[in-house]
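Participant: Sharing final_1.txt here; it has compact mmCIF, C-alpha atoms and all ligand atoms.
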# COMPACT_ATOMS: atom_id res chain seq x y z
CA MET X 11 -15.61 32.41 -129.72
CA LEU X 12 -18.86 32.65 -127.86
CA SER X 13 -21.27 34.71 -129.91
CA PHE X 14 -23.77 36.91 -128.14
CA GLU X 15 -26.11 36.80 -131.08
CA PHE X 16 -28.58 33.98 -131.17
CA SER X 17 -29.52 32.32 -134.44
CA GLU X 18 -32.99 32.67 -135.91
CA ILE X 19 -33.79 29.09 -134.85
CA GLN X 20 -32.58 29.63 -131.27
CA LEU X 21 -34.80 32.70 -130.97
CA GLN X 22 -37.77 30.84 -132.43
CA ILE X 23 -37.32 28.05 -129.88
CA LYS X 24 -37.13 30.56 -127.05
CA ASP X 25 -40.33 32.24 -128.26
CA ALA X 26 -42.14 28.93 -128.71
CA ALA X 27 -41.10 27.83 -125.20
CA ARG X 28 -42.18 31.16 -123.71
CA LYS X 29 -45.58 30.95 -125.43
CA PHE X 30 -46.07 27.38 -124.28
CA ALA X 31 -45.04 28.23 -120.71
CA GLN X 32 -47.38 31.22 -120.49
CA GLU X 33 -50.37 29.55 -122.14
CA GLU X 34 -50.12 25.93 -121.06
CA ILE X 35 -48.04 25.79 -117.87
CA LEU X 36 -48.71 28.98 -115.91
CA PRO X 37 -52.52 28.62 -115.52
CA THR X 38 -52.15 25.53 -113.30
CA THR X 39 -48.82 26.22 -111.56
CA ILE X 40 -50.25 27.23 -108.15
CA GLN X 41 -52.86 24.46 -108.13
CA ARG X 42 -50.30 21.75 -109.01
CA ASP X 43 -47.89 23.03 -106.37
CA MET X 44 -50.65 23.02 -103.72
CA ASN X 45 -51.86 19.54 -104.61
CA SER X 46 -48.46 18.03 -105.50
CA GLU X 47 -50.00 17.18 -108.86
CA PHE X 48 -47.81 15.69 -111.58
CA PRO X 49 -48.08 17.70 -114.86
CA SER X 50 -49.01 14.73 -117.09
CA GLU X 51 -51.14 16.67 -119.58
CA ILE X 52 -48.57 19.46 -119.91
CA LEU X 53 -45.77 16.97 -120.53
CA LYS X 54 -47.86 15.20 -123.16
CA LYS X 55 -48.25 18.48 -125.06
CA MET X 56 -44.57 19.33 -124.59
CA GLY X 57 -43.68 15.94 -126.04
CA GLU X 58 -45.89 16.51 -129.08
CA LEU X 59 -44.08 19.82 -129.71
CA GLY X 60 -40.66 18.16 -129.49
CA PHE X 61 -39.58 19.68 -126.15
CA LEU X 62 -38.79 16.29 -124.61
CA GLY X 63 -36.28 15.19 -127.23
CA MET X 64 -34.80 18.55 -128.08
CA MET X 65 -31.22 17.51 -128.80
CA VAL X 66 -31.96 14.05 -130.23
CA SER X 67 -31.29 13.66 -133.95
CA SER X 68 -34.28 13.57 -136.28
CA GLU X 69 -33.27 10.02 -137.26
CA TRP X 70 -34.46 8.94 -133.80
CA GLY X 71 -37.52 11.17 -133.64
CA GLY X 72 -35.92 14.19 -131.97
CA SER X 73 -35.89 17.91 -132.71
CA GLU X 74 -32.13 17.95 -133.49
CA LEU X 75 -31.49 21.27 -131.75
CA ASP X 76 -28.35 22.50 -130.04
CA VAL X 77 -27.67 22.83 -126.31
CA VAL X 78 -28.03 26.63 -126.47
CA SER X 79 -31.61 26.29 -127.80
CA TYR X 80 -32.28 23.76 -125.07
CA VAL X 81 -31.13 26.08 -122.23
CA LEU X 82 -33.16 28.95 -123.68
CA ALA X 83 -36.25 26.73 -123.54
CA ILE X 84 -35.55 25.37 -120.04
CA GLU X 85 -35.18 28.92 -118.73
CA GLU X 86 -38.62 29.84 -120.14
CA PHE X 87 -40.26 26.76 -118.58
CA ALA X 88 -38.55 27.32 -115.21
CA LYS X 89 -39.56 30.97 -115.18
CA VAL X 90 -43.15 29.89 -114.67
CA ASP X 91 -42.73 26.41 -113.19
CA ALA X 92 -39.48 24.79 -112.11
CA SER X 93 -41.25 21.45 -111.57
CA VAL X 94 -42.07 21.11 -115.25
CA ALA X 95 -38.57 22.31 -116.15
CA VAL X 96 -36.82 19.62 -114.11
CA VAL X 97 -38.74 16.79 -115.78
CA ALA X 98 -37.78 18.21 -119.19
CA SER X 99 -34.18 18.70 -118.08
CA VAL X 100 -33.69 15.14 -116.82
CA GLN X 101 -35.39 13.69 -119.89
CA ASN X 102 -33.37 15.75 -122.40
CA SER X 103 -29.92 16.08 -120.96
CA LEU X 104 -29.56 12.86 -118.98
CA VAL X 105 -31.87 10.14 -120.31
CA CYS X 106 -32.01 10.96 -124.04
CA TRP X 107 -28.37 12.05 -124.21
CA ILE X 108 -27.12 8.82 -122.62
CA LEU X 109 -29.25 6.63 -124.89
CA GLU X 110 -28.26 8.50 -128.04
CA THR X 111 -24.55 8.65 -127.15
CA TYR X 112 -24.02 5.14 -125.79
CA GLY X 113 -27.09 3.11 -126.76
CA SER X 114 -27.29 0.44 -129.48
CA ASP X 115 -29.79 0.71 -132.34
CA PHE X 116 -32.01 -1.69 -130.37
CA LEU X 117 -32.09 0.71 -127.41
CA LYS X 118 -32.56 3.73 -129.64
CA GLU X 119 -35.48 2.18 -131.51
CA ASN X 120 -37.22 0.84 -128.41
CA TYR X 121 -36.55 3.61 -125.88
CA LEU X 122 -34.91 6.71 -127.37
CA ARG X 123 -37.46 7.13 -130.15
CA PRO X 124 -40.56 7.07 -127.90
CA LEU X 125 -38.75 9.34 -125.42
CA ALA X 126 -37.79 11.82 -128.12
CA GLU X 127 -41.31 11.76 -129.55
CA GLY X 128 -42.69 12.49 -126.09
CA LYS X 129 -44.55 9.16 -125.84
CA TYR X 130 -42.32 8.00 -122.97
CA LEU X 131 -40.90 9.72 -119.90
CA GLY X 132 -37.51 8.69 -118.59
CA ALA X 133 -35.67 8.65 -115.25
CA TYR X 134 -31.99 8.69 -114.28
CA CYS X 135 -31.21 6.37 -111.37
CA LEU X 136 -27.76 6.98 -109.91
CA SER X 137 -28.28 8.08 -106.27
CA GLU X 138 -28.80 5.52 -103.53
CA PRO X 139 -29.40 5.72 -99.78
CA GLU X 140 -25.61 5.38 -99.25
CA ALA X 141 -24.42 6.87 -102.54
CA GLY X 142 -25.40 10.52 -103.01
CA SER X 143 -22.39 12.81 -103.36
CA ASP X 144 -20.17 9.72 -103.27
CA ALA X 145 -21.72 8.30 -106.41
CA ARG X 146 -18.99 5.65 -106.81
CA GLN X 147 -20.30 3.64 -103.86
CA GLN X 148 -23.01 1.85 -105.82
CA ASN X 149 -24.64 -0.90 -103.76
CA THR X 150 -27.10 -1.86 -106.48
CA ILE X 151 -25.77 -5.09 -107.89
CA ALA X 152 -26.01 -6.40 -111.45
CA GLU X 153 -25.27 -10.10 -111.93
CA LYS X 154 -24.97 -11.89 -115.24
CA ASP X 155 -27.34 -14.84 -115.70
CA GLY X 156 -26.87 -16.40 -119.15
CA ASN X 157 -28.00 -13.75 -121.61
CA ASP X 158 -29.71 -11.71 -118.92
CA TRP X 159 -28.75 -9.34 -116.14
CA ILE X 160 -30.37 -9.50 -112.71
CA LEU X 161 -30.50 -6.21 -110.79
CA ASN X 162 -31.02 -5.84 -107.04
CA GLY X 163 -30.83 -2.69 -104.93
CA THR X 164 -32.45 0.62 -104.02
CA LYS X 165 -32.25 3.97 -105.80
CA ASN X 166 -33.12 7.28 -104.13
CA TRP X 167 -34.33 10.77 -105.07
CA ILE X 168 -35.43 9.74 -108.53
CA THR X 169 -37.11 12.48 -110.54
CA THR X 170 -40.21 11.06 -112.32
CA GLY X 171 -39.62 7.74 -110.54
CA LYS X 172 -43.21 6.54 -110.88
CA HIS X 173 -44.52 8.20 -114.03
CA SER X 174 -41.56 7.29 -116.20
CA ASN X 175 -41.63 4.41 -118.68
CA VAL X 176 -37.93 3.64 -118.80
CA SER X 177 -35.11 4.23 -116.33
CA ILE X 178 -31.38 4.55 -116.80
CA VAL X 179 -30.04 2.45 -113.91
CA PHE X 180 -26.43 2.29 -112.71
CA ALA X 181 -25.28 -0.85 -110.92
CA GLN X 182 -22.09 -2.52 -109.72
CA THR X 183 -21.01 -5.70 -111.49
CA ASN X 184 -17.77 -6.31 -109.55
CA LYS X 185 -17.12 -4.52 -106.25
CA GLU X 186 -13.38 -5.17 -106.46
CA LEU X 187 -13.17 -3.04 -109.58
CA LYS X 188 -14.75 -0.10 -107.71
CA HIS X 189 -16.04 2.54 -110.14
CA LYS X 190 -14.56 0.58 -113.06
CA GLY X 191 -17.05 -2.22 -112.35
CA ILE X 192 -20.15 -0.07 -112.71
CA ALA X 193 -22.50 -0.70 -115.65
CA CYS X 194 -25.45 1.22 -117.04
CA PHE X 195 -28.79 -0.32 -118.06
CA ALA X 196 -32.06 0.74 -119.67
CA VAL X 197 -34.80 -0.77 -117.52
CA PRO X 198 -38.47 -0.59 -118.57
CA ASN X 199 -40.41 0.47 -115.47
CA ASP X 200 -42.98 -2.32 -115.97
CA THR X 201 -40.31 -5.01 -115.53
CA PRO X 202 -41.34 -7.38 -112.68
CA GLY X 203 -39.47 -6.46 -109.48
CA PHE X 204 -39.15 -2.76 -110.41
CA GLU X 205 -41.13 -0.77 -107.88
CA ALA X 206 -41.38 2.97 -107.31
CA GLY X 207 -41.73 3.97 -103.64
CA ILE X 208 -44.10 6.60 -102.30
CA LYS X 209 -43.69 10.19 -103.48
CA GLU X 210 -41.41 12.29 -101.29
CA ASP X 211 -43.25 15.12 -99.52
CA LYS X 212 -40.92 17.91 -100.61
CA MET X 213 -40.38 21.55 -99.63
CA GLY X 214 -40.43 22.68 -103.27
CA LEU X 215 -40.79 21.35 -106.81
CA ARG X 216 -43.99 19.85 -105.50
CA SER X 217 -45.50 19.25 -108.92
CA SER X 218 -42.53 17.13 -109.94
CA GLU X 219 -42.37 13.63 -108.57
CA THR X 220 -39.46 12.23 -106.57
CA THR X 221 -39.47 8.63 -105.41
CA SER X 222 -37.16 5.83 -104.41
CA ILE X 223 -36.97 2.79 -106.68
CA GLY X 224 -36.74 -0.77 -105.37
CA LEU X 225 -35.13 -3.32 -107.65
CA THR X 226 -35.82 -6.94 -106.66
CA ASN X 227 -34.49 -9.56 -109.05
CA VAL X 228 -35.21 -7.28 -111.99
CA LYS X 229 -34.30 -9.24 -115.12
CA VAL X 230 -33.30 -7.48 -118.34
CA SER X 231 -31.70 -8.98 -121.44
CA GLU X 232 -28.10 -8.31 -122.42
CA GLU X 233 -29.45 -5.89 -125.05
CA HIS X 234 -30.42 -3.53 -122.22
CA LEU X 235 -26.82 -2.84 -121.26
CA ILE X 236 -25.86 0.71 -122.30
CA GLY X 237 -22.23 0.96 -123.42
CA ASN X 238 -19.80 -1.55 -121.96
CA VAL X 239 -19.56 -3.15 -118.53
CA GLY X 240 -17.26 -0.89 -116.51
CA GLU X 241 -18.21 2.21 -118.46
CA GLY X 242 -21.24 3.05 -116.30
CA PHE X 243 -19.62 5.56 -113.93
CA TYR X 244 -18.12 7.52 -116.82
CA ILE X 245 -21.50 7.54 -118.60
CA ALA X 246 -23.12 8.84 -115.40
CA MET X 247 -20.55 11.64 -115.01
CA ARG X 248 -20.53 12.69 -118.68
CA GLY X 249 -24.32 12.80 -118.56
CA LEU X 250 -24.15 15.06 -115.51
CA ASN X 251 -21.76 17.40 -117.32
CA GLY X 252 -24.75 18.20 -119.54
CA GLY X 253 -27.39 17.74 -116.85
CA ARG X 254 -25.79 20.42 -114.71
CA ILE X 255 -26.13 22.92 -117.58
CA GLY X 256 -29.85 22.12 -117.61
CA ILE X 257 -30.09 22.77 -113.85
CA ALA X 258 -28.15 26.02 -114.31
CA ALA X 259 -30.75 27.07 -116.91
CA GLN X 260 -33.53 26.02 -114.57
CA SER X 261 -31.97 28.16 -111.80
CA VAL X 262 -31.69 31.18 -114.12
CA GLY X 263 -35.36 30.70 -115.04
CA ILE X 264 -36.48 30.56 -111.41
CA ALA X 265 -34.48 33.73 -110.65
CA GLN X 266 -35.82 35.54 -113.72
CA GLY X 267 -39.41 34.65 -112.81
CA ALA X 268 -38.95 36.01 -109.28
CA PHE X 269 -37.19 39.12 -110.58
CA GLU X 270 -39.96 39.97 -113.04
CA ALA X 271 -42.57 39.52 -110.29
CA ALA X 272 -40.54 41.80 -107.99
CA VAL X 273 -40.20 44.54 -110.63
CA LYS X 274 -43.95 44.42 -111.37
CA TYR X 275 -44.86 44.54 -107.69
CA SER X 276 -42.44 47.35 -106.92
CA LEU X 277 -44.12 49.52 -109.57
CA GLU X 278 -47.62 48.79 -108.23
CA ARG X 279 -47.06 48.94 -104.49
CA LYS X 280 -46.93 52.40 -102.95
CA THR X 281 -45.43 53.41 -99.62
CA MET X 282 -44.78 56.92 -98.35
CA GLY X 283 -46.69 58.32 -101.28
CA LYS X 284 -44.77 56.70 -104.13
CA PRO X 285 -44.22 53.29 -105.76
CA ILE X 286 -41.62 51.34 -103.79
CA ALA X 287 -39.59 51.11 -107.04
CA GLU X 288 -38.74 54.78 -106.43
CA HIS X 289 -37.11 54.00 -103.07
CA GLN X 290 -33.38 53.60 -103.44
CA LEU X 291 -33.14 50.58 -101.14
CA ILE X 292 -35.57 48.71 -103.42
CA GLN X 293 -33.69 49.94 -106.51
CA ALA X 294 -30.45 48.56 -105.12
CA LYS X 295 -32.10 45.18 -104.61
CA LEU X 296 -33.43 45.18 -108.20
CA ALA X 297 -30.03 46.16 -109.57
CA GLN X 298 -28.26 43.36 -107.68
CA MET X 299 -30.85 40.81 -108.77
CA SER X 300 -30.56 41.83 -112.41
CA MET X 301 -26.76 41.73 -112.36
CA LYS X 302 -26.63 38.28 -110.77
CA ILE X 303 -29.12 36.83 -113.24
CA SER X 304 -27.21 38.25 -116.21
CA ALA X 305 -23.94 36.76 -114.95
CA ALA X 306 -25.53 33.36 -114.28
CA ARG X 307 -27.15 33.35 -117.70
CA LEU X 308 -23.86 34.10 -119.42
CA LEU X 309 -22.10 31.28 -117.56
CA THR X 310 -24.93 28.94 -118.56
CA HIS X 311 -24.82 29.95 -122.22
CA LYS X 312 -21.04 29.62 -122.24
CA ALA X 313 -21.19 26.06 -120.87
CA ALA X 314 -23.93 25.20 -123.40
CA TRP X 315 -21.89 26.65 -126.25
CA LEU X 316 -18.80 24.67 -125.20
CA ARG X 317 -20.84 21.46 -125.10
CA ASP X 318 -22.31 22.25 -128.52
CA ASN X 319 -18.81 22.70 -129.87
CA LYS X 320 -17.50 19.50 -128.26
CA LEU X 321 -15.01 21.48 -126.19
CA ASP X 322 -14.06 20.71 -122.55
CA HIS X 323 -16.82 21.91 -120.27
CA ILE X 324 -16.64 19.98 -116.99
CA ARG X 325 -15.45 23.06 -115.09
CA GLU X 326 -17.75 25.48 -116.92
CA SER X 327 -20.79 23.27 -116.42
CA SER X 328 -20.12 23.11 -112.67
CA GLU X 329 -19.38 26.85 -112.53
CA ALA X 330 -22.68 27.61 -114.25
CA LYS X 331 -24.61 25.25 -111.96
CA LEU X 332 -22.93 26.47 -108.78
CA PHE X 333 -23.35 30.17 -109.53
CA ALA X 334 -26.84 29.98 -111.00
CA SER X 335 -28.19 27.87 -108.14
CA THR X 336 -26.63 30.24 -105.57
CA ILE X 337 -28.14 33.34 -107.14
CA ALA X 338 -31.52 31.64 -107.69
CA ASN X 339 -31.71 31.33 -103.91
CA GLU X 340 -30.53 34.91 -103.31
CA VAL X 341 -32.82 36.43 -105.93
CA THR X 342 -35.96 34.54 -104.86
CA ARG X 343 -35.32 35.50 -101.22
CA GLU X 344 -35.05 39.16 -102.22
CA ALA X 345 -38.19 38.88 -104.35
CA VAL X 346 -40.10 37.68 -101.29
CA GLN X 347 -38.60 40.54 -99.27
CA ILE X 348 -39.67 43.14 -101.84
CA HIS X 349 -43.21 41.74 -101.74
CA GLY X 350 -43.29 42.05 -97.93
CA GLY X 351 -46.20 40.13 -96.37
CA TYR X 352 -47.66 39.38 -99.81
CA GLY X 353 -44.47 37.56 -100.69
CA TYR X 354 -45.21 35.12 -97.94
CA VAL X 355 -48.52 33.96 -99.40
CA ARG X 356 -49.12 31.67 -102.34
CA GLU X 357 -50.99 34.02 -104.65
CA TYR X 358 -47.90 36.05 -105.55
CA GLN X 359 -45.88 32.95 -106.56
CA VAL X 360 -42.52 34.19 -105.20
CA GLU X 361 -42.77 32.03 -102.05
CA ARG X 362 -43.03 28.96 -104.34
CA MET X 363 -40.05 30.14 -106.35
CA MET X 364 -38.04 30.51 -103.13
CA ARG X 365 -38.98 26.95 -102.11
CA ASP X 366 -38.29 25.62 -105.61
CA ALA X 367 -34.87 27.28 -105.76
CA LYS X 368 -33.43 25.43 -102.77
CA VAL X 369 -33.07 22.06 -104.45
CA THR X 370 -30.95 23.49 -107.27
CA GLU X 371 -28.15 23.67 -104.68
CA ILE X 372 -28.64 19.98 -103.90
CA TYR X 373 -29.52 17.81 -106.89
CA GLU X 374 -27.28 16.84 -109.83
CA GLY X 375 -24.38 17.42 -107.42
CA THR X 376 -24.54 19.65 -104.34
CA SER X 377 -22.83 23.06 -104.30
CA GLU X 378 -20.06 21.42 -102.27
CA ILE X 379 -19.51 18.84 -105.03
CA GLN X 380 -19.52 21.59 -107.70
CA ASN X 381 -16.79 23.42 -105.76
CA LEU X 382 -14.81 20.21 -105.61
CA VAL X 383 -15.21 19.52 -109.34
CA ILE X 384 -14.20 23.10 -110.25
CA ALA X 385 -11.13 23.02 -107.99
CA ARG X 386 -10.01 19.65 -109.36
CA GLU X 387 -10.31 20.90 -112.93
CA ILE X 388 -8.31 24.05 -112.09
CA LEU X 389 -5.54 22.06 -110.45
CA LYS X 390 -5.49 19.46 -113.25
CA SER X 391 -4.81 22.15 -115.82
CA VAL X 392 -1.84 23.73 -113.97
N1 LIG E 401 -16.76 13.96 -116.42
C1 LIG E 401 -16.07 12.93 -116.96
N2 LIG E 401 -15.40 12.03 -116.20
C2 LIG E 401 -15.41 12.20 -114.86
C3 LIG E 401 -16.11 13.26 -114.26
C4 LIG E 401 -16.80 14.16 -115.09
N3 LIG E 401 -17.49 15.19 -114.59
N4 LIG E 401 -15.96 13.17 -112.92
C5 LIG E 401 -15.19 12.11 -112.69
N5 LIG E 401 -14.85 11.51 -113.87
C6 LIG E 401 -13.98 10.36 -114.06
C7 LIG E 401 -12.59 10.70 -113.53
O1 LIG E 401 -11.80 11.28 -114.53
C8 LIG E 401 -12.07 9.37 -113.07
O2 LIG E 401 -11.55 8.68 -114.21
P1 LIG E 401 -10.40 7.52 -114.05
O3 LIG E 401 -11.09 6.33 -113.57
O4 LIG E 401 -9.91 7.39 -115.46
O5 LIG E 401 -9.38 8.05 -113.09
C9 LIG E 401 -13.32 8.64 -112.61
O6 LIG E 401 -14.44 9.29 -113.22
C10 LIG E 401 -13.52 8.68 -111.11
O7 LIG E 401 -13.56 10.02 -110.75
P2 LIG E 401 -12.94 10.59 -109.41
O8 LIG E 401 -11.64 9.90 -109.15
O9 LIG E 401 -12.91 12.08 -109.53
O10 LIG E 401 -14.01 10.09 -108.35
P3 LIG E 401 -14.36 10.67 -106.93
O11 LIG E 401 -15.19 9.63 -106.27
O12 LIG E 401 -13.17 11.19 -106.23
O13 LIG E 401 -15.27 11.97 -107.26
C11 LIG E 401 -17.42 12.94 -107.79
C12 LIG E 401 -16.38 11.86 -108.08
C13 LIG E 401 -17.05 14.19 -108.58
C14 LIG E 401 -17.54 13.27 -106.33
C15 LIG E 401 -18.72 12.33 -108.32
O14 LIG E 401 -19.05 11.18 -107.54
C16 LIG E 401 -19.89 13.26 -108.30
O15 LIG E 401 -20.07 14.04 -109.24
N6 LIG E 401 -20.76 13.16 -107.27
C17 LIG E 401 -22.05 13.83 -107.28
C18 LIG E 401 -23.07 12.91 -107.87
C19 LIG E 401 -24.24 13.63 -108.42
O16 LIG E 401 -24.15 14.69 -109.01
N7 LIG E 401 -25.42 13.02 -108.27
C20 LIG E 401 -26.61 13.56 -108.80
C21 LIG E 401 -27.56 12.45 -109.13
S1 LIG E 401 -28.82 12.84 -110.28
C22 LIG E 401 -29.99 13.70 -109.40
O17 LIG E 401 -29.66 14.60 -108.73
C23 LIG E 401 -31.40 13.26 -109.45
C24 LIG E 401 -32.25 13.80 -110.49
O18 LIG E 401 -33.08 13.08 -110.99
C25 LIG E 401 -32.22 15.25 -110.87
Please go through the file and, once you have read it, give me the structure as structure tokens.
Ligand code: CAA

Facilitator:
Amino acid sequence: MLSFEFSEIQLQIKDAARKFAQEEILPTTIQRDMNSEFPSEILKKMGELGFLGMMVSSEWGGSELDVVSYVLAIEEFAKVDASVAVVASVQNSLVCWILETYGSDFLKENYLRPLAEGKYLGAYCLSEPEAGSDARQQNTIAEKDGNDWILNGTKNWITTGKHSNVSIVFAQTNKELKHKGIACFAVPNDTPGFEAGIKEDKMGLRSSETTSIGLTNVKVSEEHLIGNVGEGFYIAMRGLNGGRIGIAAQSVGIAQGAFEAAVKYSLERKTMGKPIAEHQLIQAKLAQMSMKISAARLLTHKAAWLRDNKLDHIRESSEAKLFASTIANEVTREAVQIHGGYGYVREYQVERMMRDAKVTEIYEGTSEIQNLVIAREILKSV
């Protein structure tokens, strides 16, 4: 059964993440958003504290924590800066998880260890110009050449595309086999022919970096294959089952940050002779925001707990992601509304949170895809 009591360690991780977020991330959040500045220094410090290899075993340099601890930390980071949170989420739940679960000792020593120790950043390269929601339609090709693989194609919307050191790349080895022909590779970003495109000029998450990746005759040795040929699509999907829990936690964090700002402002701002928090229409907004965040957080913790306990969680992970991303958008919009004109300017942060929230309904599977996944899981179990 899902326990509502956190362990001592889980609470310590939450506190450590909150302290780090307040002291190290928050002071530069507005400036990095304005200048689209990648948080290199912050990530270096996060790596040194073990926040970039949270669930990796200590054998491979990680912090060996559970998924619940991880979502508690991601929420704290996202509360002050969703851009930093997404880099940590992709690194922990997609890149590190895939390498630890499917990688050989060679891959773990050369890539997982430096990732877990925070010396490397990683990227997850599944989407393509013609393969977003329809992730099976991989046009990136991997051809065998003796003991090497040659990769050609284009990847899109890659978080940390340029600043990462190693990328998890999915590619088709035999079109006739459809998704059963897809393979997964670890590709060092300094491999000749691997080129990150220019940074996308995004509406939100401006301090995180999103690029395309061009792969032109990129040669990697057989040892860089992760899992077996034909297993790639399943690795991508099982990774996303965890990744979506990370995005749910990020969404809860964004909503919580906006909610706390709205409560604070509503106590300070006076209209008609009293703080706006004393007006019932504002109270109703605060009540709705609080309720939605609590529900989203519980769904997120439930999905994390199921994953920790190796129980089925495809449906729960999508439910958490779908609900949390929906309410992150609702709550941030209401936070801007409560702030009135001040909500529309940078200084009060809630306009950034509203911009940052939007993408949670798009990446790691759109809300439409989450609905589809949930419905399929319901019908499968009947
Ligand atoms: N977990 C485990 N296995 C899964 C799975 C899951 N969540 N989803 C599908 N599979 C398995 C199926 O069981 C099926 O297995 P069999 O071959 O044994 O039958 C196989 O994969 C194919 O699945 P489907 O038949 O369901 O394939 P489909 O094409 O009809 O639907 C999809 C698949 C659910 C639409 C999938 O393509 C999908 O999730 N699309 C969204 C992709 C996505 O989330 N992209 C995000 C990219 S990362 C990102 O956003 C960038 C970033 O850096 C943050």

Participant: Please, which residues have at least one atom within 6 Å of an atom of ligand LIG 401 (chain E), using only C-alpha atoms and all ligand atoms, listed as a ChimeraX atom specification?

Facilitator: /X:134,136-137,142-146,167-169,244,247-248,251,324,373-375,383

Participant: Please provide as number ranges by chain all residues within 7 Å of segment 336-347 of chain X, with the sequence filter that same-chain residues fewer than 4 positions apart are discarded (counting all atoms listed in the file).

Facilitator: X: 261-262, 264-265, 268-269, 272, 299, 302, 332, 353-354, 360-361, 363-364, 367-368, 371

Participant: Using only C-alpha atoms, I'd like a table of the residues in segment 276-383 of chain X that come within 12 Å of segment 43-52 of chain X; for each, show the closest atom pair and its distance in Å rounded to one decimal, ordered by chain and ascending number, as a tab-separated table.

Facilitator:
residue	atom	partner	partner_atom	distance
X:Val355	CA	X:Met44	CA	12.0
X:Arg356	CA	X:Met44	CA	8.9
X:Glu357	CA	X:Met44	CA	11.0
X:Gln359	CA	X:Asp43	CA	10.1
X:Glu361	CA	X:Asp43	CA	11.2
X:Arg362	CA	X:Asp43	CA	7.9
X:Met363	CA	X:Asp43	CA	10.6
X:Arg365	CA	X:Asp43	CA	10.6
X:Asp366	CA	X:Asp43	CA	10.0

Participant: Considering all atoms listed in the file, state which residue in the set X:Ala246, X:Ala259, X:Leu161, X:Val273 is at the smallest distance from Lys229 of chain X.

Facilitator: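 Residue with the minimum atom-to-atom distance to Lys229 of chain X: X:Leu161.
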
Participant: Any idea what the distance is between atom CA of Leu308 of chain X and atom CA of Ala88 of chain X?

Facilitator: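 Computing it gives 16.7 Å between the two atoms.
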
Participant: Counting only C-alpha atoms, what is within 12 Å of segment 70-76 of chain X, bar same-chain residues fewer than 3 positions away, as a PyMOL selection string?

Facilitator: chain X and resi 16-17+19-24+56-67+79-83+102-103+106-107+109-111+113-129+252+311+314-320

Participant: One decimal, in Å: what's the spacing between atom CA of Tyr112 of chain X and atom CA of Gly242 of chain X?

Facilitator: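 Rounded to one decimal, the two atoms are 10.1 Å apart.
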
Participant: Can you measure atom CA of Lys190 of chain X to atom CA of Asn381 of chain X for me? One decimal in Å is fine.

Facilitator: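 According to the coordinates, atom CA of Lys190 of chain X and atom CA of Asn381 of chain X are separated by 24.1 Å.
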
Participant: Restricting the calculation to only C-alpha atoms: of X:Val77, X:Ile84, X:Ala306, X:Val90, which residue gets closest to Glu34 of chain X?

Facilitator: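 For Glu34 of chain X, the nearest of the given residues is X:Val90.
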
Participant: Give the answer as one residue: which of X:Ser327, X:Thr370, X:Thr170, X:Ser276 has the shortest atom-to-atom distance to Ala98 of chain X, using only C-alpha atoms?

Facilitator: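 Between X:Ser327, X:Thr370, X:Thr170, X:Ser276, the residue approaching Ala98 of chain X most closely is X:Thr170.
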
Participant: For Leu296 of chain X, which of X:Glu233, X:Glu270, X:Glu33, X:Glu210 is the closest residue, counting only C-alpha atoms?

Facilitator: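 So, comparing all the options, the nearest one is X:Glu270.
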
Participant: Need to verify the contact set: Ser391 of chain X, 12 Å, only C-alpha atoms, exclusion of same-chain residues closer than 6 positions in sequence. Can you return it as a list in words?

Facilitator: Asp322, Arg325, Ile384 and Ala385 of chain X

Participant: Taking all atoms listed in the file into account, name the residue in X:Phe333, X:Phe195, X:Phe204, X:Tyr358 that is nearest to Ala271 of chain X.

Facilitator: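 Counting all atoms listed in the file, the residue closest to Ala271 of chain X is X:Tyr358.
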
Participant: Counting only C-alpha atoms, select every polymer residue within 10 Å of (-33.3, -1.7, -101.8) as defined in the file's coordinates, and provide the selection as a VMD selection string.

Facilitator: chain X and resid 138 to 139 149 to 150 162 to 166 205 222 to 226

Participant: Write the selection just made, keeping C-alpha atoms, as a CSV table (one decimal), keeping the file's coordinate frame?

Facilitator:
chain,number,residue,atom,x,y,z
X,138,GLU,CA,-28.8,5.5,-103.5
X,139,PRO,CA,-29.4,5.7,-99.8
X,149,ASN,CA,-24.6,-0.9,-103.8
X,150,THR,CA,-27.1,-1.9,-106.5
X,162,ASN,CA,-31.0,-5.8,-107.0
X,163,GLY,CA,-30.8,-2.7,-104.9
X,164,THR,CA,-32.4,0.6,-104.0
X,165,LYS,CA,-32.2,4.0,-105.8
X,166,ASN,CA,-33.1,7.3,-104.1
X,205,GLU,CA,-41.1,-0.8,-107.9
X,222,SER,CA,-37.2,5.8,-104.4
X,223,ILE,CA,-37.0,2.8,-106.7
X,224,GLY,CA,-36.7,-0.8,-105.4
X,225,LEU,CA,-35.1,-3.3,-107.6
X,226,THR,CA,-35.8,-6.9,-106.7
